[in-house]
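Raw contents of run_12.cif, mmCIF, C-alpha atoms:
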```
data_final
loop_
_atom_site.label_atom_id
_atom_site.label_comp_id
_atom_site.auth_asym_id
_atom_site.auth_seq_id
_atom_site.Cartn_x
_atom_site.Cartn_y
_atom_site.Cartn_z
CA MET A 1 -25.99 -6.22 -13.74
CA TYR A 2 -23.67 -3.23 -13.34
CA TYR A 3 -26.30 -1.42 -11.33
CA TYR A 4 -26.62 -4.46 -9.04
CA ILE A 5 -22.86 -4.41 -8.36
CA LEU A 6 -23.00 -0.70 -7.57
CA THR A 7 -25.79 -1.03 -5.05
CA LYS A 8 -24.22 -4.01 -3.29
CA GLN A 9 -20.88 -2.30 -2.70
CA PRO A 10 -19.87 -1.46 0.86
CA ILE A 11 -20.24 2.08 2.09
CA TYR A 12 -16.66 3.23 1.41
CA TYR A 13 -17.09 2.33 -2.27
CA LYS A 14 -20.05 4.67 -2.43
CA ILE A 15 -18.03 7.38 -0.74
CA TYR A 16 -15.26 6.86 -3.28
CA TYR A 17 -17.66 7.12 -6.22
CA LYS A 18 -19.03 10.37 -4.76
CA TRP A 19 -15.47 11.60 -4.28
CA GLU A 20 -14.55 10.73 -7.85
CA PHE A 21 -17.59 12.60 -9.09
CA CYS A 22 -16.71 15.74 -7.12
CA VAL A 23 -12.91 15.91 -7.24
CA LEU A 24 -11.39 13.75 -9.96
CA LYS A 25 -12.64 15.76 -12.91
CA ASN A 26 -10.43 17.09 -15.62
CA ASN A 27 -12.19 20.12 -16.97
CA GLY A 28 -9.87 22.48 -15.07
CA ILE A 29 -8.12 23.89 -18.12
CA GLU A 30 -11.31 24.55 -20.05
CA LYS A 31 -12.92 26.26 -17.08
CA VAL A 32 -9.93 28.57 -16.59
CA LYS A 33 -9.66 29.31 -20.32
CA ASN A 34 -13.32 30.27 -20.60
CA SER A 35 -13.65 32.36 -17.43
CA PRO A 36 -12.60 35.91 -16.51
CA LEU A 37 -10.72 36.84 -13.35
CA PHE A 38 -13.84 37.88 -11.46
CA LEU A 39 -17.22 36.14 -11.27
CA ARG A 40 -20.29 36.78 -9.18
CA GLY A 41 -19.73 33.88 -6.81
CA ASP A 42 -16.35 35.29 -5.78
CA ILE A 43 -18.03 37.87 -3.53
CA ALA A 44 -19.09 35.11 -1.13
CA ILE A 45 -15.55 33.69 -0.97
CA TYR A 46 -13.95 37.09 -0.41
CA LEU A 47 -16.49 37.76 2.36
CA LEU A 48 -15.55 34.42 3.93
CA VAL A 49 -11.85 35.35 3.81
CA ILE A 50 -12.57 38.74 5.43
CA ILE A 51 -14.60 37.04 8.18
CA ILE A 52 -11.76 34.55 8.81
CA VAL A 53 -9.16 37.33 9.08
CA LEU A 54 -11.32 39.48 11.36
CA GLY A 55 -12.17 36.45 13.50
CA LEU A 56 -8.50 35.61 13.92
CA PHE A 57 -7.84 39.13 15.20
CA LEU A 58 -9.66 38.06 18.38
CA PHE A 59 -6.75 35.78 19.32
CA PRO A 60 -4.23 38.54 20.26
CA LEU A 61 -6.83 40.04 22.60
CA LEU A 62 -6.96 36.81 24.60
CA GLY A 63 -3.28 36.43 25.40
CA ASN A 64 0.13 37.91 24.66
CA LYS A 65 0.04 40.33 27.60
CA THR A 66 3.21 41.76 29.04
CA VAL A 67 4.45 40.14 32.22
CA ASN A 68 6.70 41.39 34.97
CA SER A 69 9.73 39.24 34.26
CA SER A 70 12.22 38.00 36.80
CA GLY A 71 14.42 36.16 34.30
CA PHE A 72 14.45 33.68 31.44
CA CYS A 73 14.14 29.93 31.33
CA VAL A 74 15.47 27.65 28.56
CA LEU A 75 13.69 24.34 28.02
CA VAL A 76 15.15 21.59 25.80
CA GLU A 77 12.63 18.86 24.90
CA ASN A 78 10.38 20.12 27.72
CA LYS A 79 13.13 19.75 30.34
CA LYS A 80 14.59 22.76 32.06
CA ALA A 81 18.21 23.27 30.98
CA VAL A 82 19.37 26.78 31.80
CA THR A 83 17.86 29.55 33.89
CA PHE A 84 18.95 33.19 33.89
CA TYR A 85 17.83 35.43 36.71
CA ASN A 86 17.68 39.19 36.54
CA ASP A 87 20.24 39.50 39.35
CA LYS A 88 22.83 38.28 36.80
CA THR A 89 23.06 34.69 37.98
CA LEU A 90 23.05 31.77 35.59
CA LEU A 91 21.91 28.31 36.63
CA VAL A 92 22.70 25.17 34.58
CA GLU A 93 20.78 22.00 35.46
CA ASN A 94 22.73 18.84 36.35
CA ASP A 95 21.58 16.83 33.30
CA PHE A 96 22.88 19.47 30.89
CA ILE A 97 26.28 20.30 32.38
CA ASP A 98 28.23 18.51 29.63
CA LEU A 99 26.00 19.96 26.91
CA VAL A 100 26.27 23.64 27.86
CA GLU A 101 29.19 26.02 27.34
CA THR A 102 29.04 29.47 28.90
CA GLN A 103 31.13 32.52 28.22
CA LYS A 104 30.93 35.75 30.19
CA ASN A 105 31.34 39.08 28.54
CA GLN A 106 31.11 42.71 29.68
CA SER A 107 27.62 43.01 28.27
CA GLY A 108 26.28 39.60 29.15
CA TYR A 109 26.42 35.81 28.90
CA PHE A 110 26.87 33.76 25.73
CA VAL A 111 25.39 30.30 26.35
CA LYS A 112 25.98 27.55 23.80
CA ILE A 113 23.57 24.62 24.14
CA TYR A 114 24.29 21.43 22.21
CA SER A 115 21.62 18.91 21.32
CA HIS A 116 21.90 15.36 22.70
CA ASP A 117 23.88 14.02 19.72
CA LYS A 118 26.30 16.99 20.02
CA LYS A 119 25.78 17.95 16.37
CA GLY A 120 23.27 20.74 16.64
CA TYR A 121 23.72 23.88 18.74
CA ASN A 122 22.09 27.19 19.59
CA VAL A 123 23.95 30.18 21.00
CA ILE A 124 21.80 32.32 23.28
CA PHE A 125 22.86 35.76 24.43
CA PHE A 126 21.56 37.04 27.79
CA ASP A 127 22.04 40.79 28.10
CA THR A 128 22.75 41.71 31.73
CA THR A 129 22.25 45.48 31.37
CA ASN A 130 19.02 45.59 29.32
CA LEU A 131 17.81 42.21 30.64
CA THR A 132 16.95 40.71 27.24
CA ALA A 133 17.49 37.30 25.64
CA LYS A 134 18.14 36.49 21.98
CA VAL A 135 19.33 33.56 19.88
CA VAL A 136 22.38 34.84 18.03
CA GLU A 137 23.60 31.72 16.23
CA SER A 138 22.23 28.31 15.33
CA ASN A 139 22.70 25.47 12.87
CA CYS A 140 19.12 24.21 13.04
CA SER A 141 18.01 24.66 9.43
CA ALA A 142 18.78 26.66 6.33
CA SER A 143 16.21 29.32 7.17
CA LYS A 144 17.28 29.71 10.86
CA ASP A 145 13.90 30.86 12.11
CA CYS A 146 14.97 31.05 15.76
CA VAL A 147 17.69 33.64 14.97
CA HIS A 148 15.12 35.91 13.35
CA PHE A 149 12.85 36.05 16.40
CA PRO A 150 12.74 39.50 18.00
CA GLU A 151 14.52 40.12 21.30
CA LEU A 152 12.77 38.69 24.31
CA LYS A 153 12.07 41.24 27.03
CA ASP A 154 8.64 41.22 28.66
CA LYS A 155 6.40 39.23 26.32
CA GLY A 156 6.49 36.30 23.92
CA THR A 157 8.64 33.20 23.61
CA ILE A 158 11.36 31.99 21.25
CA TYR A 159 10.94 28.51 19.81
CA CYS A 160 13.42 26.52 17.70
CA ALA A 161 11.48 23.66 16.12
CA PRO A 162 14.34 21.37 14.88
CA HIS A 163 16.11 21.36 18.26
CA GLN A 164 12.90 21.61 20.34
CA LEU A 165 14.38 24.48 22.30
CA LYS A 166 12.10 26.99 23.96
CA ILE A 167 13.04 30.19 25.76
CA SER A 168 10.31 31.62 27.94
CA ILE A 169 10.01 34.33 30.54
CA LEU A 170 10.00 33.56 34.26
CA GLU A 171 7.09 35.38 35.78
CA ASN A 172 7.49 37.37 38.95
CA GLY A 173 6.15 35.63 42.02
CA GLY A 174 7.08 32.25 40.68
CA PHE A 175 10.18 30.39 41.73
CA THR A 176 12.80 32.56 43.40
CA PRO A 177 16.45 31.45 43.48
CA PRO A 178 17.76 30.25 46.84
CA ILE A 179 20.17 32.67 48.46
CA ALA A 180 23.46 31.13 49.52
CA GLY A 181 23.85 31.31 53.25
CA GLY A 182 20.30 32.43 53.80
CA ILE A 183 17.94 30.79 56.23
CA MET B 1 0.51 12.31 -28.30
CA LYS B 2 1.03 8.59 -28.32
CA ASN B 3 1.60 7.65 -24.71
CA LYS B 4 -0.37 10.02 -22.54
CA ARG B 5 0.39 8.39 -19.19
CA VAL B 6 4.15 8.72 -19.71
CA PHE B 7 3.77 12.30 -20.83
CA LYS B 8 1.71 13.17 -17.75
CA LEU B 9 4.18 11.44 -15.43
CA ALA B 10 7.12 13.33 -16.96
CA LEU B 11 5.23 16.62 -16.64
CA ALA B 12 4.38 15.86 -12.99
CA GLY B 13 8.07 15.14 -12.29
CA LEU B 14 9.05 18.44 -13.88
CA PHE B 15 6.49 20.33 -11.79
CA ALA B 16 7.63 18.54 -8.62
CA SER B 17 11.26 19.51 -9.21
CA LEU B 18 10.28 23.13 -9.91
CA ALA B 19 8.18 23.26 -6.73
CA THR B 20 11.04 21.80 -4.67
CA ILE B 21 13.51 24.33 -6.08
CA THR B 22 11.16 27.23 -5.32
CA PHE B 23 10.54 25.96 -1.79
CA THR B 24 14.26 25.53 -1.08
CA LEU B 25 15.20 28.94 -2.51
CA GLU B 26 12.42 30.57 -0.51
CA SER B 27 13.62 29.05 2.75
CA LEU B 28 17.03 30.72 2.30
CA PHE B 29 15.57 34.21 2.58
CA PRO B 30 14.80 35.72 5.99
CA PRO B 31 11.12 35.49 6.98
CA ILE B 32 8.65 38.30 6.33
CA ILE B 33 7.98 40.25 9.58
CA ILE B 34 6.78 37.20 11.52
CA PRO B 35 9.32 34.45 12.37
CA GLY B 36 8.85 31.46 10.12
CA ALA B 37 6.45 33.15 7.71
CA ARG B 38 6.95 32.58 3.99
CA MET B 39 4.99 33.45 0.86
CA GLY B 40 4.56 29.84 -0.25
CA LEU B 41 5.17 30.59 -3.92
CA SER B 42 5.83 26.91 -4.65
CA ASN B 43 2.05 26.46 -4.47
CA VAL B 44 1.96 27.85 -8.03
CA PHE B 45 3.22 24.53 -9.34
CA ILE B 46 0.99 22.44 -7.09
CA LEU B 47 -2.19 24.26 -8.15
CA LEU B 48 -1.04 24.12 -11.78
CA THR B 49 -0.46 20.36 -11.55
CA ALA B 50 -3.81 19.75 -9.86
CA LEU B 51 -5.62 21.72 -12.57
CA THR B 52 -3.82 20.44 -15.64
CA LEU B 53 -3.00 16.83 -14.74
CA GLY B 54 -5.58 15.98 -12.09
CA TYR B 55 -6.05 15.93 -8.32
CA GLY B 56 -3.99 12.76 -7.76
CA TYR B 57 -0.94 14.20 -9.49
CA GLY B 58 -1.36 17.39 -7.45
CA VAL B 59 -1.26 15.45 -4.17
CA ALA B 60 1.82 13.53 -5.35
CA VAL B 61 3.66 16.74 -6.26
CA LEU B 62 2.68 18.26 -2.89
CA ALA B 63 4.05 15.23 -1.02
CA VAL B 64 7.32 15.24 -2.98
CA LYS B 65 7.74 18.99 -2.47
CA THR B 66 7.20 18.93 1.29
CA LEU B 67 9.37 15.83 1.82
CA LEU B 68 12.33 16.90 -0.33
CA GLY B 69 12.04 20.58 0.58
CA SER B 70 12.11 19.93 4.32
CA LEU B 71 15.02 17.50 3.86
CA PHE B 72 17.03 20.06 1.86
CA SER B 73 16.39 22.91 4.27
CA GLY B 74 17.22 20.63 7.21
CA ASN B 75 13.93 21.07 9.04
CA ILE B 76 12.29 17.64 9.01
CA SER B 77 9.91 18.51 11.84
CA ALA B 78 8.22 20.94 9.44
CA LEU B 79 6.81 17.89 7.65
CA MET B 80 4.37 17.24 10.47
CA TYR B 81 2.51 20.50 10.10
CA SER B 82 3.02 21.45 6.46
CA LEU B 83 1.86 18.22 4.79
CA PRO B 84 -1.65 17.85 6.31
CA SER B 85 -2.48 21.54 5.99
CA GLY B 86 -1.31 21.62 2.38
CA LEU B 87 -3.44 18.57 1.61
CA ILE B 88 -6.55 20.10 3.18
CA ALA B 89 -6.00 23.41 1.39
CA LEU B 90 -5.56 21.71 -2.00
CA THR B 91 -8.71 19.63 -1.48
CA VAL B 92 -10.73 22.71 -0.51
CA GLN B 93 -9.50 24.54 -3.60
CA ILE B 94 -10.30 21.71 -6.01
CA LEU B 95 -13.71 20.97 -4.46
CA LEU B 96 -14.75 24.63 -4.68
CA PHE B 97 -13.41 25.23 -8.16
CA TYR B 98 -14.92 22.18 -9.82
CA ASN B 99 -18.29 22.05 -8.10
CA ILE B 100 -19.43 25.68 -7.92
CA LYS B 101 -20.06 27.31 -11.26
CA LYS B 102 -19.70 31.03 -10.60
CA VAL B 103 -16.30 30.94 -8.91
CA SER B 104 -13.05 32.15 -10.43
CA LEU B 105 -9.56 30.80 -9.91
CA LEU B 106 -8.28 33.91 -8.12
CA ALA B 107 -10.82 33.72 -5.27
CA VAL B 108 -10.25 29.99 -4.82
CA SER B 109 -6.50 30.52 -4.67
CA VAL B 110 -6.83 33.28 -2.04
CA LEU B 111 -9.05 31.12 0.15
CA GLY B 112 -6.70 28.14 -0.24
CA ALA B 113 -3.63 30.17 0.74
CA VAL B 114 -5.35 31.58 3.84
CA VAL B 115 -6.60 28.15 4.91
CA ASN B 116 -3.13 26.67 4.36
CA ILE B 117 -1.16 29.23 6.36
CA VAL B 118 -3.65 29.45 9.26
CA LEU B 119 -3.98 25.66 9.56
CA GLN B 120 -0.18 25.35 9.56
CA ASN B 121 0.03 27.78 12.45
CA ILE B 122 -2.70 26.02 14.44
CA VAL B 123 -1.17 22.56 13.93
CA PHE B 124 2.25 23.95 14.87
CA CYS B 125 0.81 25.38 18.10
CA LEU B 126 -0.91 22.08 18.96
CA ILE B 127 2.17 19.92 18.28
CA THR B 128 4.70 22.09 20.08
CA LYS B 129 2.31 23.15 22.87
CA THR B 130 3.02 26.84 22.36
CA ILE B 131 -0.42 28.39 22.45
CA GLU B 132 0.93 31.95 22.48
CA TYR B 133 1.84 31.74 18.78
CA LEU B 134 -1.88 31.72 17.93
CA ALA B 135 -1.60 35.49 18.31
CA TYR B 136 0.35 35.59 15.05
CA SER B 137 -2.40 33.98 12.99
CA PRO B 138 -4.28 37.12 11.77
CA TYR B 139 -1.07 38.61 10.38
CA LEU B 140 -0.23 35.24 8.82
CA ALA B 141 -3.69 35.26 7.20
CA LEU B 142 -2.96 38.68 5.68
CA ILE B 143 0.32 37.32 4.24
CA GLY B 144 -1.75 34.40 2.93
CA VAL B 145 -4.09 36.80 1.11
CA ILE B 146 -1.14 38.46 -0.67
CA SER B 147 0.47 35.14 -1.62
CA GLY B 148 -2.89 33.75 -2.76
CA VAL B 149 -3.36 36.69 -5.14
CA ILE B 150 0.14 36.19 -6.58
CA VAL B 151 -0.30 32.40 -6.95
CA GLY B 152 -3.75 32.76 -8.52
CA LEU B 153 -2.58 35.35 -11.05
CA CYS B 154 0.45 33.20 -11.97
CA VAL B 155 -1.60 30.04 -12.56
CA TYR B 156 -4.30 31.98 -14.43
CA THR B 157 -1.76 33.60 -16.76
CA VAL B 158 0.10 30.35 -17.41
CA ILE B 159 -3.04 28.39 -18.33
CA LYS B 160 -4.58 31.26 -20.32
CA LYS B 161 -1.45 32.00 -22.36
CA SER B 162 -0.22 28.46 -22.97
CA PRO B 163 -1.13 27.15 -26.45
CA GLN B 164 -3.98 24.69 -26.92
CA SER B 165 -1.61 21.99 -28.15
CA LEU B 166 0.06 21.76 -24.74
CA THR B 167 -3.20 20.95 -22.99
CA LEU B 168 -4.83 18.76 -25.63
CA TYR B 169 -3.68 15.52 -24.03
CA ASN B 170 -6.28 15.91 -21.34
CA LYS B 171 -9.27 16.18 -23.63
CA GLY B 172 -11.90 13.46 -23.65
CA GLU B 173 -9.93 11.04 -21.54
CA LYS B 174 -10.32 9.90 -17.96
CA ASN B 175 -7.44 10.17 -15.52
#
```
Show the structure stored in the file as structure tokens.
Amino acid sequence: MYYYILTKQPIYYKIYYKWEFCVLKNNGIEKVKNSPLFLRGDIAIYLLVIIIVLGLFLFPLLGNKTVNSSGFCVLVENKKAVTFYNDKTLLVENDFIDLVETQKNQSGYFVKIYSHDKKGYNVIFFDTTNLTAKVVESNCSASKDCVHFPELKDKGTIYCAPHQLKISILENGGFTPPIAGGI
Amino acid sequence: MKNKRVFKLALAGLFASLATITFTLESLFPPIIIPGARMGLSNVFILLTALTLGYGYGVAVLAVKTLLGSLFSGNISALMYSLPSGLIALTVQILLFYNIKKVSLLAVSVLGAVVNIVLQNIVFCLITKTIEYLAYSPYLALIGVISGVIVGLCVYTVIKKSPQSLTLYNKGEKN
């Protein structure tokens, strides 16, 4: 009778029984207590880990090349907010004018960008002499990952996940700023 | 032990709170070399729960840890990429450890940590559309190896040294 019920179950019941047989055991403690730190089967797993690590080292070869930068571009939620050009001009887009505060210093610009609810902010520092960008202050999370990113000069991007703010490099030959009074 | 279910539930709650505390404390320190990289030492309690109480309790503790930890550290968007990768890593660890005979806890823990940290990075890149961060993944995998060794040694020592009376409740009974 029991066997009949088992065979007439739909397919996901069979999958669940298989799953229960493979995963929901409780001999974990006994297995750990009776085994040493190294067994023969470990060699295969360590080899797999080494292959994974070596395989991942192919990724940096594909990208992450240095580019000839002509400035930096700040995107908030995939919309362009602020652009800094290497000729020391700063451009704030129309949609973000009431969300951005700028402050000019001898060494560069401090740009404070608020999020849409005006609670979160990031302060970005654009250095006008060395032509670098860095997030100097933020209230995004306790760990403040975006502040710990290295200075942006000719490669990489800075990303702040809670505020969806991304600072990337403007490549040379892309968009060039219009010159006032030019033809 | 009269009421085993209550005992197991209380133990799972204790492990969940310990994991959350570890996660929150860890997020206060600056990252190691790579932005956003952490050791993931709270996985000690998740692996311990999954081994001593069962897979279901392990998943529950993982969910509580990621939810509360990301709420406390103020980074709710981290939930999207840390929960699925943690779940996959835990399942891989448990499947390997229970179903292959000649495999020790240390190797399983190392593989789980590497899978966890690399999957997190890949999911992060896919969600935020920042493909250039894939370049970090080999270094993240190396951090994962170190953290996996630490986690594996911790869990091994705890289970090996704890007295038999603490683990008797699990004997001869189904989850």
Spell out the residues picked by the PyMOL selection byres ((chain B and resi 46) around 9) here, as a PyMOL selection string. chain B and resi 15-16+19+42-45+47-51+57-59+61-62+65+90
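With all atoms listed in the file as the atoms that count, the residue of A:Ser138, A:Asn78, A:Ser35, A:Asn105 with the shortest distance to Ile167 of chain A is A:Asn78.
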Phe124 of chain B proximity check over B:Leu79, B:Leu111, B:Ile21, B:Leu105, using all atoms listed in the file: winner is B:Leu79
Using the chain letters and residue numbers of this document, give as a PDB file with C-alpha atoms, in the coordinates of the input the residues selected by the PyMOL selection byres ((chain B and resi 145) around 9).
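Ended up saving to out14.pdb:
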```pdb
ATOM      1  CA  VAL A  49     -11.850  35.350   3.810  1.00  0.00           C
TER       2      VAL A  49
ATOM      3  CA  SER B 109      -6.500  30.520  -4.670  1.00  0.00           C
ATOM      4  CA  VAL B 110      -6.830  33.280  -2.040  1.00  0.00           C
ATOM      5  CA  LEU B 111      -9.050  31.120   0.150  1.00  0.00           C
ATOM      6  CA  ALA B 113      -3.630  30.170   0.740  1.00  0.00           C
ATOM      7  CA  VAL B 114      -5.350  31.580   3.840  1.00  0.00           C
ATOM      8  CA  LEU B 140      -0.230  35.240   8.820  1.00  0.00           C
ATOM      9  CA  ALA B 141      -3.690  35.260   7.200  1.00  0.00           C
ATOM     10  CA  LEU B 142      -2.960  38.680   5.680  1.00  0.00           C
ATOM     11  CA  ILE B 143       0.320  37.320   4.240  1.00  0.00           C
ATOM     12  CA  GLY B 144      -1.750  34.400   2.930  1.00  0.00           C
ATOM     13  CA  ILE B 146      -1.140  38.460  -0.670  1.00  0.00           C
ATOM     14  CA  SER B 147       0.470  35.140  -1.620  1.00  0.00           C
ATOM     15  CA  GLY B 148      -2.890  33.750  -2.760  1.00  0.00           C
ATOM     16  CA  VAL B 149      -3.360  36.690  -5.140  1.00  0.00           C
ATOM     17  CA  ILE B 150       0.140  36.190  -6.580  1.00  0.00           C
TER      18      ILE B 150
END
```
*asked:* Which residues, named as in the file, does the PyMOL selection byres ((chain B) within 7 of (chain A)) pick out? Answer as a ChimeraX atom specification.
replied: /B:27-30,35-36,51-52,54-55,73-75,77,94-95,99,102-104,106-107,111,132,134-135,137-138,141,156,159-160
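Nearest residue to Glu93 of chain A among A:Phe110, A:Asn122, A:Val74, A:Glu171 is A:Val74, counting all atoms listed in the file.
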Test item: which residues lie within 8 Å of (9.3, 38.0, 28.7) counting all atoms listed in the file, as a PyMOL selection string: chain A and resi 66-69+71-72+152-157+168-171
